[in-house]
Structure formats: structure tokens, C-alpha cells
Amino acid sequence: MSAVIEMKGISKSFPGIRANDNINLKIEQGEIHVLLGENGAGKSTLMNILYGLYQPDEGQILIKGKPVKIVNPNVAISHGIGMVHQHFMLIPPFTVTENIILGKEPHKGTTLDIQKAISDVEEISKKYELRVDPRVIVRDISVGMQQRVEILKTLYRGAEILILDEPTAVLTPQEIDELCIIMRSLVYQGKSIILITHKLKEVMSMSDKVTIIRRGKVIDTLNTKDTNIDELAEKMVGRKVSLTVEKKEAKVLSPILEIKGLKVLDNRKLEAVKGIDLQVHGGEILGIAGVDGNGQSELVQAITGLSKAEAGEVFLNGKDITNLPPREIIAGGVGHIPEDRHKRGLVLAYTLAENSILGSHYLKKFRKGMGLSYQNIREYCRKLISEYDIRTPNEKVIAKSLSGGNQQKLIVAREIDRDPSLCIASQPTRGLDVGAIEFVHKKLIELRDEGKAVLLVSLELDEVMDLSDRIAVMYDGKIVGILDAKDATEKKLGIMMAGGSAQDAV
Amino acid sequence: MESRINEFREGLLNTLKEIAYPLVAILISVIAGGILVYSFGKDPVLAYTSMIKGSLGDWNKFGETLVTVTPLILTGLSITFAFKCNLFNIGVEGQFIMGAIAAVWAGWAFAGLPAILHLTLTLLVGAAAGGIWASIIGWLQAKVGSHVVINGIMMNYIAMYTSNFLVRTALNVSGKAYSVEIADTAKLWRFSQAFVQFKHSRLHTGIIIALIVALVAYYILNKTVRGYEIRAVGFNPDAAEYGGINVSKNIILSMLVAGMFAGLAGAIMTTGVQYRVNTLFGFTGYGLDGISVALVGNIHPIGVILSAFLFGVMQKGGPLMQIQGIPKEVVGIIQGIIILFVAANFVKVIMGNIKQRKELKKTALQEGVE
Ligand SMILES: Nc1ncnc2c1ncn2[C@@H]1O[C@H](COP(=O)(O)OP(=O)(O)OP(=O)(O)O)[C@@H](O)[C@H]1O
Ligand SMILES: [Mg+2]
């Protein structure tokens, strides 16, 4: 086997931070090579350099032994490199075909040959066993499908080397299994894959090799079969990480959140939550398990006032908060870690300091007379940065410049530090490294032990099972059953998530 | 104290950086304009010196230039303010017109009030008229979802014909094509009353008002809770909503303020220069020029001041250029080039391309060696 890609002595600095520090990386033909590292370690930066989005300050890139200068993505593509980004880059109102051919459209004379485009797409989709419907609009397809489109986009451009930046962070377990099969078949057909992921189980099951990066430096490159999860975690974080959640027996208090007969419509005006009754008590973590798209998002939106409840009532500490404006709900003591950090959680163009007060920006402690007290705001943000170990040069950079995981940490910090009596955590650890996950889990358990209520919504079954005291399973807009976490098994939950009842599961 | 100074310096540096690209763009456009003049067989140096002479040659010319600059600052601020909420206030023209005609009414109908009071009232009525006019557009966007640009254009026409109607009817005395004149108590103080240097210019205190409003706009946008909310809505309405910010309210509010700036511009034209409103046969242009001013000013209140000044100089310097035999269209062309360059961020893009080209060349050379 020969190295298809070799990155030698790559260094890259951003103002105040050395994101890559003399990195060496070798990718062999036909392997799946994982880049593993903490949030902000510099993985995305390194891949953006390989893809020509950033220029390295130092270092050299060799493709099949030949030195190349990748000054922009077009050069990367011409060398057979394709990249699927951490945050997708599709055009939602375009069809699958239009998205795939964009920039390399087949044409008849001066007109676009859409028939040929569709048949081309069908052909590669068959060749690589990536089934998609070329005619549907991207906006209407699932995240897993969108990812296939992204992968097809790179293959359509003749990619030999695929870079996948955290492809599994947004996928459901089923979709992850499918992706795994797709990757295997791609490698079988001679492609090489560089994969970024934080999920150690995936690293073990999917990859051939692992390179571990910490604070911009390569720590080690290992053969997957010679290592194990604990070793990887330790190498990556630099200390022993506890991968199991430790928590005391829950001391359940009176209910904090009470939901009665709640019905919510989704944005297509179809009923997504079809009459839910639920209570979350102080001192407990209630986990909601379910396949994506069974009404979890709409439920959370209705509780937080971001969608209108069509019917039913929501009480917080005995007070009716149904359809109150979000500000009053936040002020009433609700913290909310939203599922999509870019859509809801952050104003990317705002500095970290400005983002750290979103939702409490009008409070006296951040004001000086009529104006905002930027001094207090920055001080507050510095406190969050150090307490939550957010990796950033300072609090004055814009949120967009942070690595994905550190953006998430900022949101978690803000919402937990609000000291809410109810904390709604939707996919709270999406994109976080194992160390950060451990930390966030600890924080959520701390809230619970202080007598607060935590409503956890997660597509990760492991997370739901580890953290929750009770687990409610959602299917088709309804809660099909509530289990004590002690009685929950993956199998039982699996059956209920598919619409079976708890009785079937026994 | 130390940190305060550092902070101030940092802020200043950032502001400088922000205006650096527009400045380079302006320089390039000036050169391009020069080449154009040269290609007409005229002397570019003469063109520019006469432009400067015509607008800044003496105190009176300087004063007249500032008279033009004043409404441009305010309409530029109007565009800027709405833009921070991601709204394109093309309705600025209509708001300007409503401000001007409302000021005629207040300046005429409340004659007899003490001067300071009357003037303040007149300006406020003008600002309010513009504000209300704009909030209708904002309300339609926020509550009905119909687009600000479409409604803005419609409201411009409605404003123009409303103004003409009033000029012909309620605000008309003599059957002439212009409105009644405002009372002396509603007129802005003119510099010519105290300074001989400005004897032949209409320079009035409106310029000071405009500068103060620019600072106020900067303060509201960048230092207040309201500004925080408006900009958050502008950048990401979903995140703003999540953060307990009322999106509709902020859209309407930012249009209201933007409209007040435009209305004030109209009121200042009435109380400082025209003292009445003529029948309009088309748009005044002050509003629409505000769009260019804001773009060249990089959508920044302080940038708007500088860019309004630049536009004032070009507009006032034009006639003298013409006397020198240089077509006055050249001024328009230079203005167009500047806007193109700044709005398309040409300088940044071109610099980026040059850098890339260099890298490519280096690679080619290296590969050649091997
Ligand atoms: N465009 C940028 N401007 C400034 N700083 C940046 C920029 N891009 C990345 N950084 C910084 O470089 C560091 C590495 O970021 P990078 O995105 O490569 O991390 P990562 O390993 O992909 O992390 P994650 O797992 O959280 O996605 C971070 O500290 C980040 O703040
Ligand atoms: Mg990343």
C-alpha cells in the first residue's frame, strides 16, 4: 500500500491560537482513517487545509508522492479530494440532482441537460449503492439523505479521497449503520476515507487507523485493531476519562413541569404532537427516547414558547405558561439547550460575550442605565469560558470562529448558568468530545441533585439510558410508555420506539 | 484607565479597518474617473481641482456643500439603521417626503408659538410622519409577511401623490404649484446671520442635528439593549426568537426609527432650506441617494457621515466641472463606479484573487523545477 495523501509539518495559526502545530498525517489507499481529538484540537482546520479552504503557514502536502499546493477547493477536487462538511452546504430549494451537479452541469449547447444529469446521478447512486431519489427537493428529505447527497456530490466530481467531518453527529443510529455500510463499500471500490468523529464506539467499529490530535499536535497514530476505547479516550484528553455516568439515587421532589393534553402542529401544519401528558419532577432527569421526527422537537418548541400549542396546557412550578412569549418562559426559570446550535443557539456573527447573554441580555446585571455594560458582559463571558473550558483565544472573537464543539459548550454554559428550575437539553452533547460529554453530563446531574428538573431529549440511546431516571418513549407524536431507567434495556426501548407497547417489550 | 485607553484604541483600529476597504475603493474610482475624463480629451487634474473648488473653494461653497450633505447623512442613517435589522428600507424616499410636507403643515399651522418650541415641534412632527410612514411598512412585513421592498416602493408613490395633493389643497393659499410657507419661528437658524463668511450660503444648524443623530444611531445600535436585539434579529431571527427577543416588534421598531431619521431629513429641508414644498414631478432623490451613501459608508453610522460628505462634494463640485467643459455626467459615472466598487466589495475580492494567483504561480514554478 502506498500513501495517497501525506501532510508534512503542517502548521496554521489564527489570531491568538495555534490550531495546527507541525502536523504529520499519512493516509493509505483504501483505508478508513479516523482523526480523533478534543473540541478545538484542530481537526476541521487540518481538513480545511487539505481541501484548500485555508492555506497552511508551514508544511507540505503530497498526493501520491507528488508535492502539491492546494490553493482552493477546485484544486483539491481536481486532485480527487472531496469533503463533506460538519455543517452541510446544500441548497435547500434545489432538487437532489441540481445540488449534485452544481458547478459541473452537463449541458447540450448552452442549455442544461437535465435528463442526462438525472441519469448520471442515478448511475453513480447505483454504482456506490447510495440510494437517493434524484428528483426530490433537498429541503424535504431527512438529514441522513442530505448527507448521502453530500457524499454523492463529491463522488460526482470524481473524488478518490473523501473527507467526512463529523458525519454521524446528526444521524440516527439506523442512519449511522447505513453510513457504515456505505463507507465500507466505498473503500472496497478503492476510495480512501478520512473520518472525523467523537464517538469512540464508531472509531472502533468503522476505522482501520486512528490519528489522535491534541491542542494542534499529533499525539499518536494507531492501528484500530491494536487499541481500545479507554486508551483512545485517555490519549485524546490527556487524562483518564470516566465513560460511565456516576450518579446518586434520585431524590424526587414535586413536579416542576406538567404537561396536559398538549397538541402541536409542525411547520407543515400537520399535527406532530398528538396529545401528550407528562410530568417532570424536581430532582429527576426525564429522558425522551425516540426516532428522530416523532414530535420531540415540536414538543420542546411548544414548552419553550417557540411554537404555538394548539391544545392542552403547560405548567411550570404550578404556573400556566402555555403560549407565553419565550422571554417570559425563560424568565420563569427555563433553560434550553436547542437541538440545532446554528439555527437557534447562537448568533454566529456576534462575539462570544454577546452570545453569552442571549436570553438574559435585558437584565439589570448586564446594563448600565440605558446602555449595555460591555464590561460586565465580557467579565461574565470570561467566567463561563474558564468554568466550562471553552477553547478560544478570548471572549471578543465571533462565535463563528469557534470549533463546533466549543460553540456547543458555550450554549451549554449559558443555559446551565442561568440556574433554571427546568433545564431542557436537546442533543446536549452533539459534537462534543468525550471529556466535554463527561463534563456536561456531570453538570446536568448536578442540576438534578440541586432539586431542579431536567428534560433530556437525545437521539443517542446510550445517553438517554445513562443519564435518565425515567425514560419516556415517543412515537408518532405520542408517548407510548414511560419506563423506570432501571428497567430499561436497549431492546425494550427499541421495540417501543418502533411503536410497540411496553407489554410487547416484556 | 489603562485598559480603557487600550479599549478605545482597539475600537478606533477596528473602525479604521472597517473603512479601509471603502477608502481604497474610492481611490480606485477616482483614478478610473480620471482616466475616463482623459479619454474625453480633457485634463483630469483640472476636473478634480474644479470639483474641489466648486464644492470647497470658499466658505460659501463649503456651506452649500454641507447643506446638501445634511439630508444625505440622515437618509443614509435611515438605510443603515434598518439594514442592521436586515431590512432594506427603500421606502426612505417616501418617508423623506412625508417628513417634509408634515413639517410644512406644523411650521405653518402652529404659527405664533415661541420660536424654539415651534421649531422643535415642527422637526418632531416631520420625524414622526416619516416614522409612522415607515412603521406601516415594518408592520406589513412583520405581521402580514409582505416584503419591505415592495411595500416601500408603493409607499413612496403614495407619499409623493399625497404630498402633491396637500400642496394643491390644504396647504395651498395662492393656487400656485407650491405650498404655503412656514412661519419664521419654525425656521432653522442660518450661519449667515452671524458669520459673514457664510453670507451667501444657506448653511443652517441642521448639519449639527444630523451629526448628533449619527452619534445617537451609533449608540442605539451598538450600546443599548434595543440595538442588541435589533442586530440579533438582523443576523439570525431564529436565534433571536429563541433568546426571548420579539422579532416582529423589533422589525417594526427599527423601521420606525429608520423612518424618523428620513422624516427628520425632510423636515430639515423644509425648515432649513426650502421653507415650503413644491409640487413633485418625480422623487426628490435625497432618499434614494441615501442608499448609495449608506452602502459607501459601509452601513456604519460614522462611515455614513464621511460618505455623505463625499457625495456632497461630488454633487456640488459638478457644475464648476461643467463650466470647465467637462460633462457633468462624469460625476454621475464616478459615483456609480464608487458604489459598484464598494458594494461589491471589489477590493477585497480582487486582493484575494491576486493572493491566490501568486500561490498558483509559485506552485507552477516549483513543479517546473522538479
Ligand atoms: N476561521 C477561524 N478564525 C479564527 N479561529 C479559528 C477559525 N477556525 C478555527 N479556529 C480556531 O482554531 C481551533 C481549532 O478549530 P477546529 O475547528 O479545527 O477544531 P476541531 O478539532 O474541528 O473541533 P470540533 O471537534 O469542536 O469541531 C479552535 O480553537 C478555533 O477557535
Ligand atoms: Mg470540527
# chains A, B, ... in the order shown; residues from 1 in each chain; ligands from 1
>>> residues_near_ligand(ligand="ligand 1", cutoff="6 Å", atoms="only C-alpha atoms and all ligand atoms", output="JSON, numbers by chain")
{"A": [14, 19, 38, 39, 40, 41, 42, 43, 44, 45, 391, 392, 401, 402, 403, 404, 405, 406]}
>>> residues_around(residues="Leu299 (chain A)", least_positions_apart="4", cutoff="12 Å", atoms="only C-alpha atoms", output="MDAnalysis selection string")
chainID A and resid 259:266 271:278 288 293:295 303:310 312:314 424 426 455:457 474 476:479
>>> closest_atom_pairs(of="chain B", to="chain A", cutoff="6 Å", atoms="only C-alpha atoms", output="JSON lines")
{"residue": "B:Lys223", "atom": "CA", "partner": "A:Gly371", "partner_atom": "CA", "distance": 5.3}
{"residue": "B:Thr224", "atom": "CA", "partner": "A:Gly371", "partner_atom": "CA", "distance": 4.1}
{"residue": "B:Val225", "atom": "CA", "partner": "A:Leu372", "partner_atom": "CA", "distance": 6.0}
{"residue": "B:Asn236", "atom": "CA", "partner": "A:Val347", "partner_atom": "CA", "distance": 5.9}
{"residue": "B:Asp238", "atom": "CA", "partner": "A:Arg344", "partner_atom": "CA", "distance": 5.3}
{"residue": "B:Ala239", "atom": "CA", "partner": "A:Arg344", "partner_atom": "CA", "distance": 3.9}
{"residue": "B:Gly243", "atom": "CA", "partner": "A:Gly359", "partner_atom": "CA", "distance": 4.0}
{"residue": "B:Gly244", "atom": "CA", "partner": "A:Arg327", "partner_atom": "CA", "distance": 3.9}
{"residue": "B:Thr363", "atom": "CA", "partner": "A:Lys69", "partner_atom": "CA", "distance": 5.9}
>>> write_last_selection(atoms="C-alpha atoms", output="PDB file, in the first residue's frame")
ATOM      1  CA  LYS B 223     -24.538  50.087  23.066  1.00  0.00           C
ATOM      2  CA  THR B 224     -28.135  49.525  24.048  1.00  0.00           C
ATOM      3  CA  VAL B 225     -30.339  46.535  24.711  1.00  0.00           C
ATOM      4  CA  ASN B 236     -30.439  35.393  12.909  1.00  0.00           C
ATOM      5  CA  ASP B 238     -34.481  32.187  14.814  1.00  0.00           C
ATOM      6  CA  ALA B 239     -31.796  32.600  17.450  1.00  0.00           C
ATOM      7  CA  GLY B 243     -33.392  34.278  23.133  1.00  0.00           C
ATOM      8  CA  GLY B 244     -36.732  35.802  24.057  1.00  0.00           C
ATOM      9  CA  THR B 363       3.364  26.086  -7.323  1.00  0.00           C
TER      10      THR B 363
END
>>> residues_around(residues="Gly499 (chain A)", least_positions_apart="4", cutoff="8 Å", atoms="only C-alpha atoms", output="list in words")
Tyr475, Asp476, Val480 and Ile495 of chain A
>>> select_by_dssp(residues="region 88-294 of chain A", states="strand (DSSP E or B)", output="ChimeraX atom specification")
/A:95,107-108,111-112,137,161-165,192-196,209-214,217-223,255-265,271-281,285-289
>>> closest_residue(among="A:Ser205, A:Ile213, A:His33, A:Ile196", to="ligand 2", atoms="only C-alpha atoms and all ligand atoms")
A:Ile196
>>> atom_distance(atom1="CA of Pro15 (chain A)", atom2="CA of Glu395 (chain A)")
12.7 Å
>>> atom_distance(atom1="CA of Ile445 (chain A)", atom2="CA of Leu253 (chain A)")
14.9 Å
>>> select_by_dssp(residues="region 120-255 of chain B", states="helix (DSSP H, G or I)", output="ChimeraX atom specification")
/B:120-144,148-168,184-186,191-193,196-198,206-223,225-235,237-242,247-255
>>> residues_around(residues="Ile91 (chain A)", least_positions_apart="3", cutoff="12 Å", atoms="only C-alpha atoms", output="list in words")
Phe88, Phe94, Thr95, Val96, Thr97, Glu98, Asn99, Ile100, Ile101, Leu102, Ile137, Val138, Arg139, Asp140, Gln146, Val149 and Glu150 of chain A
>>> write_last_selection(atoms="N, CA and C atoms", output="short mmCIF file (atom, residue, chain, number, x, y, z; two decimals), in the first residue's frame")
data_model
loop_
_atom_site.label_atom_id
_atom_site.label_comp_id
_atom_site.auth_asym_id
_atom_site.auth_seq_id
_atom_site.Cartn_x
_atom_site.Cartn_y
_atom_site.Cartn_z
N PHE A 88 -23.72 21.04 6.76
CA PHE A 88 -23.95 20.79 5.34
C PHE A 88 -23.97 22.07 4.51
N PHE A 94 -33.26 23.46 -4.03
CA PHE A 94 -32.88 22.73 -5.24
C PHE A 94 -33.19 21.24 -5.08
N THR A 95 -33.34 20.56 -6.22
CA THR A 95 -33.54 19.11 -6.14
C THR A 95 -32.22 18.43 -5.85
N VAL A 96 -32.31 17.15 -5.54
CA VAL A 96 -31.12 16.35 -5.28
C VAL A 96 -30.16 16.44 -6.47
N THR A 97 -30.71 16.24 -7.68
CA THR A 97 -29.86 16.29 -8.86
C THR A 97 -29.20 17.66 -9.02
N GLU A 98 -29.99 18.70 -8.89
CA GLU A 98 -29.43 20.04 -9.06
C GLU A 98 -28.30 20.31 -8.07
N ASN A 99 -28.47 19.83 -6.85
CA ASN A 99 -27.42 20.01 -5.85
C ASN A 99 -26.16 19.24 -6.22
N ILE A 100 -26.36 18.03 -6.72
CA ILE A 100 -25.19 17.20 -7.01
C ILE A 100 -24.38 17.75 -8.19
N ILE A 101 -25.08 18.21 -9.22
CA ILE A 101 -24.35 18.63 -10.43
C ILE A 101 -23.85 20.06 -10.33
N LEU A 102 -24.28 20.79 -9.31
CA LEU A 102 -23.96 22.21 -9.21
C LEU A 102 -22.47 22.48 -9.43
N ILE A 137 -36.88 17.52 -3.72
CA ILE A 137 -36.28 18.76 -3.24
C ILE A 137 -35.52 18.45 -1.95
N VAL A 138 -34.32 19.00 -1.84
CA VAL A 138 -33.46 18.68 -0.70
C VAL A 138 -34.08 19.09 0.63
N ARG A 139 -34.83 20.17 0.61
CA ARG A 139 -35.45 20.67 1.84
C ARG A 139 -36.34 19.59 2.48
N ASP A 140 -36.92 18.74 1.61
CA ASP A 140 -37.91 17.79 2.11
C ASP A 140 -37.34 16.44 2.53
N GLN A 146 -29.74 13.85 3.15
CA GLN A 146 -28.96 15.02 2.74
C GLN A 146 -27.47 14.68 2.75
N VAL A 149 -26.54 12.87 -0.26
CA VAL A 149 -26.40 13.81 -1.37
C VAL A 149 -25.03 14.47 -1.33
N GLU A 150 -24.60 14.85 -0.14
CA GLU A 150 -23.27 15.46 0.00
C GLU A 150 -22.18 14.50 -0.46
#
>>> closest_residue(among="A:Ile229, A:Val397, A:Ile114, A:Leu36", to="Leu432 (chain A)", atoms="only C-alpha atoms")
A:Leu36
>>> residues_around(residues="Leu16 (chain B)", least_positions_apart="6", cutoff="10 Å", atoms="only C-alpha atoms", output="list in words")
Glu10, Leu23 and Gly303 of chain B
>>> write_last_selection(atoms="all heavy atoms", output="mmCIF file, in the first residue's frame")
data_model
loop_
_atom_site.group_PDB
_atom_site.id
_atom_site.type_symbol
_atom_site.label_atom_id
_atom_site.label_comp_id
_atom_site.auth_asym_id
_atom_site.auth_seq_id
_atom_site.Cartn_x
_atom_site.Cartn_y
_atom_site.Cartn_z
ATOM 1 N N GLU B 10 -8.294 50.078 20.478
ATOM 2 C CA GLU B 10 -8.727 48.903 19.732
ATOM 3 C C GLU B 10 -9.967 49.217 18.906
ATOM 4 O O GLU B 10 -10.062 48.863 17.726
ATOM 5 C CB GLU B 10 -9.038 47.779 20.719
ATOM 6 C CG GLU B 10 -8.816 46.400 20.158
ATOM 7 C CD GLU B 10 -8.939 45.371 21.268
ATOM 8 O OE1 GLU B 10 -8.053 45.320 22.140
ATOM 9 O OE2 GLU B 10 -9.953 44.662 21.260
ATOM 10 N N LEU B 23 -12.282 53.111 1.503
ATOM 11 C CA LEU B 23 -11.353 54.187 1.146
ATOM 12 C C LEU B 23 -10.554 53.808 -0.092
ATOM 13 O O LEU B 23 -10.416 54.603 -1.025
ATOM 14 C CB LEU B 23 -10.404 54.488 2.314
ATOM 15 C CG LEU B 23 -10.970 55.423 3.376
ATOM 16 C CD1 LEU B 23 -9.916 55.721 4.437
ATOM 17 C CD2 LEU B 23 -11.473 56.722 2.755
ATOM 18 N N GLY B 303 -19.310 55.954 9.188
ATOM 19 C CA GLY B 303 -18.984 55.862 7.762
ATOM 20 C C GLY B 303 -19.962 56.668 6.925
ATOM 21 O O GLY B 303 -19.578 57.285 5.927
#
>>> closest_residue(among="B:Val342, B:Leu280, B:Val24, B:Ala47", to="Asn298 (chain B)", atoms="only C-alpha atoms")
B:Val342
>>> residues_around(residues="Leu483 (chain A)", least_positions_apart="4", cutoff="9 Å", atoms="only C-alpha atoms", output="list in words")
Asp469, Arg470, Ile471, Ala472, Val473, Asp487, Ala488, Leu493 and Ala502 of chain A
>>> write_last_selection(atoms="N, CA, C and O atoms", output="mmCIF file, in the first residue's frame")
data_model
loop_
_atom_site.group_PDB
_atom_site.id
_atom_site.type_symbol
_atom_site.label_atom_id
_atom_site.label_comp_id
_atom_site.auth_asym_id
_atom_site.auth_seq_id
_atom_site.Cartn_x
_atom_site.Cartn_y
_atom_site.Cartn_z
ATOM 1 N N ASP A 469 -33.460 9.195 34.895
ATOM 2 C CA ASP A 469 -34.053 8.429 35.978
ATOM 3 C C ASP A 469 -35.308 7.727 35.474
ATOM 4 O O ASP A 469 -35.631 6.632 35.888
ATOM 5 N N ARG A 470 -36.026 8.433 34.599
ATOM 6 C CA ARG A 470 -37.168 7.814 33.928
ATOM 7 C C ARG A 470 -37.018 8.068 32.439
ATOM 8 O O ARG A 470 -36.453 9.089 32.028
ATOM 9 N N ILE A 471 -37.532 7.167 31.646
ATOM 10 C CA ILE A 471 -37.431 7.324 30.199
ATOM 11 C C ILE A 471 -38.818 7.277 29.576
ATOM 12 O O ILE A 471 -39.562 6.312 29.767
ATOM 13 N N ALA A 472 -39.165 8.328 28.860
ATOM 14 C CA ALA A 472 -40.431 8.342 28.122
ATOM 15 C C ALA A 472 -40.107 8.095 26.662
ATOM 16 O O ALA A 472 -39.212 8.721 26.111
ATOM 17 N N VAL A 473 -40.833 7.182 26.043
ATOM 18 C CA VAL A 473 -40.560 6.889 24.645
ATOM 19 C C VAL A 473 -41.622 7.551 23.782
ATOM 20 O O VAL A 473 -42.823 7.398 24.019
ATOM 21 N N ASP A 487 -35.327 -0.356 34.620
ATOM 22 C CA ASP A 487 -35.948 -1.452 33.874
ATOM 23 C C ASP A 487 -35.716 -1.361 32.375
ATOM 24 O O ASP A 487 -36.145 -2.237 31.631
ATOM 25 N N ALA A 488 -35.109 -0.264 31.944
ATOM 26 C CA ALA A 488 -34.995 -0.056 30.503
ATOM 27 C C ALA A 488 -33.814 -0.828 29.927
ATOM 28 O O ALA A 488 -32.725 -0.827 30.489
ATOM 29 N N LEU A 493 -36.542 -0.527 24.703
ATOM 30 C CA LEU A 493 -36.709 0.809 24.142
ATOM 31 C C LEU A 493 -36.857 0.734 22.628
ATOM 32 O O LEU A 493 -37.682 1.419 22.035
ATOM 33 N N ALA A 502 -45.065 -1.211 25.936
ATOM 34 C CA ALA A 502 -44.182 -1.766 26.955
ATOM 35 C C ALA A 502 -44.484 -3.235 27.190
ATOM 36 O O ALA A 502 -43.595 -4.033 27.464
#
>>> residues_around(residues="Thr279 (chain B)", least_positions_apart="3", cutoff="9 Å", atoms="only C-alpha atoms", output="ChimeraX atom specification")
/B:160,163-165,167-168,177-179
>>> write_last_selection(atoms="C-alpha atoms", output="compact mmCIF listing (two decimals), in the first residue's frame")
# COMPACT_ATOMS: atom_id res chain seq x y z
CA MET B 160 -45.42 61.63 -3.47
CA SER B 163 -47.72 65.45 -0.80
CA ASN B 164 -48.79 66.85 -4.17
CA PHE B 165 -52.41 66.62 -3.15
CA VAL B 167 -49.71 71.14 -1.81
CA ARG B 168 -52.67 71.72 -4.11
CA ALA B 177 -47.57 74.96 -7.63
CA TYR B 178 -46.03 75.17 -4.19
CA SER B 179 -47.26 75.04 -0.63
>>> atom_distance(atom1="CA of Gln29 (chain A)", atom2="CA of Arg157 (chain A)")
18.5 Å
>>> decode(residues="region 234-318 of chain B", atoms="C-alpha atoms", output="PDB file, in the first residue's frame")
ATOM      1  CA  GLY B 234     -30.949  41.052  11.623  1.00  0.00           C
ATOM      2  CA  PHE B 235     -28.305  38.338  11.869  1.00  0.00           C
ATOM      3  CA  ASN B 236     -30.439  35.393  12.909  1.00  0.00           C
ATOM      4  CA  PRO B 237     -34.142  35.808  13.646  1.00  0.00           C
ATOM      5  CA  ASP B 238     -34.481  32.187  14.814  1.00  0.00           C
ATOM      6  CA  ALA B 239     -31.796  32.600  17.450  1.00  0.00           C
ATOM      7  CA  ALA B 240     -33.244  35.948  18.444  1.00  0.00           C
ATOM      8  CA  GLU B 241     -36.665  34.419  18.958  1.00  0.00           C
ATOM      9  CA  TYR B 242     -35.086  31.638  20.984  1.00  0.00           C
ATOM     10  CA  GLY B 243     -33.392  34.278  23.133  1.00  0.00           C
ATOM     11  CA  GLY B 244     -36.732  35.802  24.057  1.00  0.00           C
ATOM     12  CA  ILE B 245     -36.472  38.634  21.559  1.00  0.00           C
ATOM     13  CA  ASN B 246     -39.734  39.687  19.944  1.00  0.00           C
ATOM     14  CA  VAL B 247     -38.876  39.577  16.243  1.00  0.00           C
ATOM     15  CA  SER B 248     -41.951  41.425  14.928  1.00  0.00           C
ATOM     16  CA  LYS B 249     -41.636  44.174  17.476  1.00  0.00           C
ATOM     17  CA  ASN B 250     -38.014  44.782  16.593  1.00  0.00           C
ATOM     18  CA  ILE B 251     -38.724  44.833  12.879  1.00  0.00           C
ATOM     19  CA  ILE B 252     -41.423  47.456  13.381  1.00  0.00           C
ATOM     20  CA  LEU B 253     -39.293  49.432  15.819  1.00  0.00           C
ATOM     21  CA  SER B 254     -36.244  49.549  13.603  1.00  0.00           C
ATOM     22  CA  MET B 255     -38.400  50.695  10.698  1.00  0.00           C
ATOM     23  CA  LEU B 256     -39.933  53.320  12.950  1.00  0.00           C
ATOM     24  CA  VAL B 257     -36.549  54.719  13.898  1.00  0.00           C
ATOM     25  CA  ALA B 258     -35.275  54.498  10.325  1.00  0.00           C
ATOM     26  CA  GLY B 259     -38.374  56.354   9.177  1.00  0.00           C
ATOM     27  CA  MET B 260     -37.878  59.019  11.828  1.00  0.00           C
ATOM     28  CA  PHE B 261     -34.382  59.685  10.523  1.00  0.00           C
ATOM     29  CA  ALA B 262     -35.701  60.033   6.971  1.00  0.00           C
ATOM     30  CA  GLY B 263     -38.630  62.154   8.118  1.00  0.00           C
ATOM     31  CA  LEU B 264     -36.266  64.392  10.028  1.00  0.00           C
ATOM     32  CA  ALA B 265     -34.198  64.791   6.868  1.00  0.00           C
ATOM     33  CA  GLY B 266     -37.318  66.014   5.081  1.00  0.00           C
ATOM     34  CA  ALA B 267     -38.267  68.308   7.943  1.00  0.00           C
ATOM     35  CA  ILE B 268     -34.795  69.818   7.968  1.00  0.00           C
ATOM     36  CA  MET B 269     -35.010  70.509   4.238  1.00  0.00           C
ATOM     37  CA  THR B 270     -38.269  72.310   4.909  1.00  0.00           C
ATOM     38  CA  THR B 271     -37.191  74.264   7.965  1.00  0.00           C
ATOM     39  CA  GLY B 272     -33.620  74.950   6.866  1.00  0.00           C
ATOM     40  CA  VAL B 273     -33.677  75.424   3.101  1.00  0.00           C
ATOM     41  CA  GLN B 274     -36.992  75.361   1.237  1.00  0.00           C
ATOM     42  CA  TYR B 275     -39.443  76.755   3.813  1.00  0.00           C
ATOM     43  CA  ARG B 276     -42.155  75.105   1.682  1.00  0.00           C
ATOM     44  CA  VAL B 277     -42.701  72.107  -0.527  1.00  0.00           C
ATOM     45  CA  ASN B 278     -43.062  72.213  -4.287  1.00  0.00           C
ATOM     46  CA  THR B 279     -45.237  70.007  -6.398  1.00  0.00           C
ATOM     47  CA  LEU B 280     -43.160  66.924  -7.128  1.00  0.00           C
ATOM     48  CA  PHE B 281     -42.869  65.593 -10.637  1.00  0.00           C
ATOM     49  CA  GLY B 282     -40.670  62.753  -9.516  1.00  0.00           C
ATOM     50  CA  PHE B 283     -38.776  61.638  -6.461  1.00  0.00           C
ATOM     51  CA  THR B 284     -36.513  64.156  -4.751  1.00  0.00           C
ATOM     52  CA  GLY B 285     -33.576  61.745  -4.843  1.00  0.00           C
ATOM     53  CA  TYR B 286     -32.483  62.582  -1.298  1.00  0.00           C
ATOM     54  CA  GLY B 287     -33.928  59.332  -0.062  1.00  0.00           C
ATOM     55  CA  LEU B 288     -32.608  57.173  -2.841  1.00  0.00           C
ATOM     56  CA  ASP B 289     -29.172  58.783  -2.629  1.00  0.00           C
ATOM     57  CA  GLY B 290     -29.236  57.729   0.995  1.00  0.00           C
ATOM     58  CA  ILE B 291     -28.976  54.127  -0.191  1.00  0.00           C
ATOM     59  CA  SER B 292     -25.724  54.847  -2.002  1.00  0.00           C
ATOM     60  CA  VAL B 293     -24.467  56.891   0.918  1.00  0.00           C
ATOM     61  CA  ALA B 294     -25.136  54.034   3.330  1.00  0.00           C
ATOM     62  CA  LEU B 295     -23.508  51.466   1.064  1.00  0.00           C
ATOM     63  CA  VAL B 296     -20.370  53.509   0.566  1.00  0.00           C
ATOM     64  CA  GLY B 297     -20.396  54.281   4.284  1.00  0.00           C
ATOM     65  CA  ASN B 298     -20.197  50.536   4.876  1.00  0.00           C
ATOM     66  CA  ILE B 299     -23.529  50.521   6.730  1.00  0.00           C
ATOM     67  CA  HIS B 300     -21.887  52.241   9.674  1.00  0.00           C
ATOM     68  CA  PRO B 301     -23.184  55.485  11.211  1.00  0.00           C
ATOM     69  CA  ILE B 302     -19.773  57.135  11.254  1.00  0.00           C
ATOM     70  CA  GLY B 303     -18.984  55.862   7.762  1.00  0.00           C
ATOM     71  CA  VAL B 304     -22.241  57.427   6.635  1.00  0.00           C
ATOM     72  CA  ILE B 305     -21.065  60.867   7.736  1.00  0.00           C
ATOM     73  CA  LEU B 306     -17.900  60.559   5.660  1.00  0.00           C
ATOM     74  CA  SER B 307     -19.655  59.105   2.674  1.00  0.00           C
ATOM     75  CA  ALA B 308     -22.406  61.743   2.738  1.00  0.00           C
ATOM     76  CA  PHE B 309     -19.670  64.358   2.694  1.00  0.00           C
ATOM     77  CA  LEU B 310     -18.075  62.693  -0.310  1.00  0.00           C
ATOM     78  CA  PHE B 311     -21.373  62.643  -2.180  1.00  0.00           C
ATOM     79  CA  GLY B 312     -21.978  66.270  -1.245  1.00  0.00           C
ATOM     80  CA  VAL B 313     -18.620  67.277  -2.651  1.00  0.00           C
ATOM     81  CA  MET B 314     -19.263  65.433  -5.894  1.00  0.00           C
ATOM     82  CA  GLN B 315     -22.729  66.863  -6.351  1.00  0.00           C
ATOM     83  CA  LYS B 316     -21.750  70.430  -5.542  1.00  0.00           C
ATOM     84  CA  GLY B 317     -18.490  70.279  -7.471  1.00  0.00           C
ATOM     85  CA  GLY B 318     -20.197  69.053 -10.618  1.00  0.00           C
TER      86      GLY B 318
END
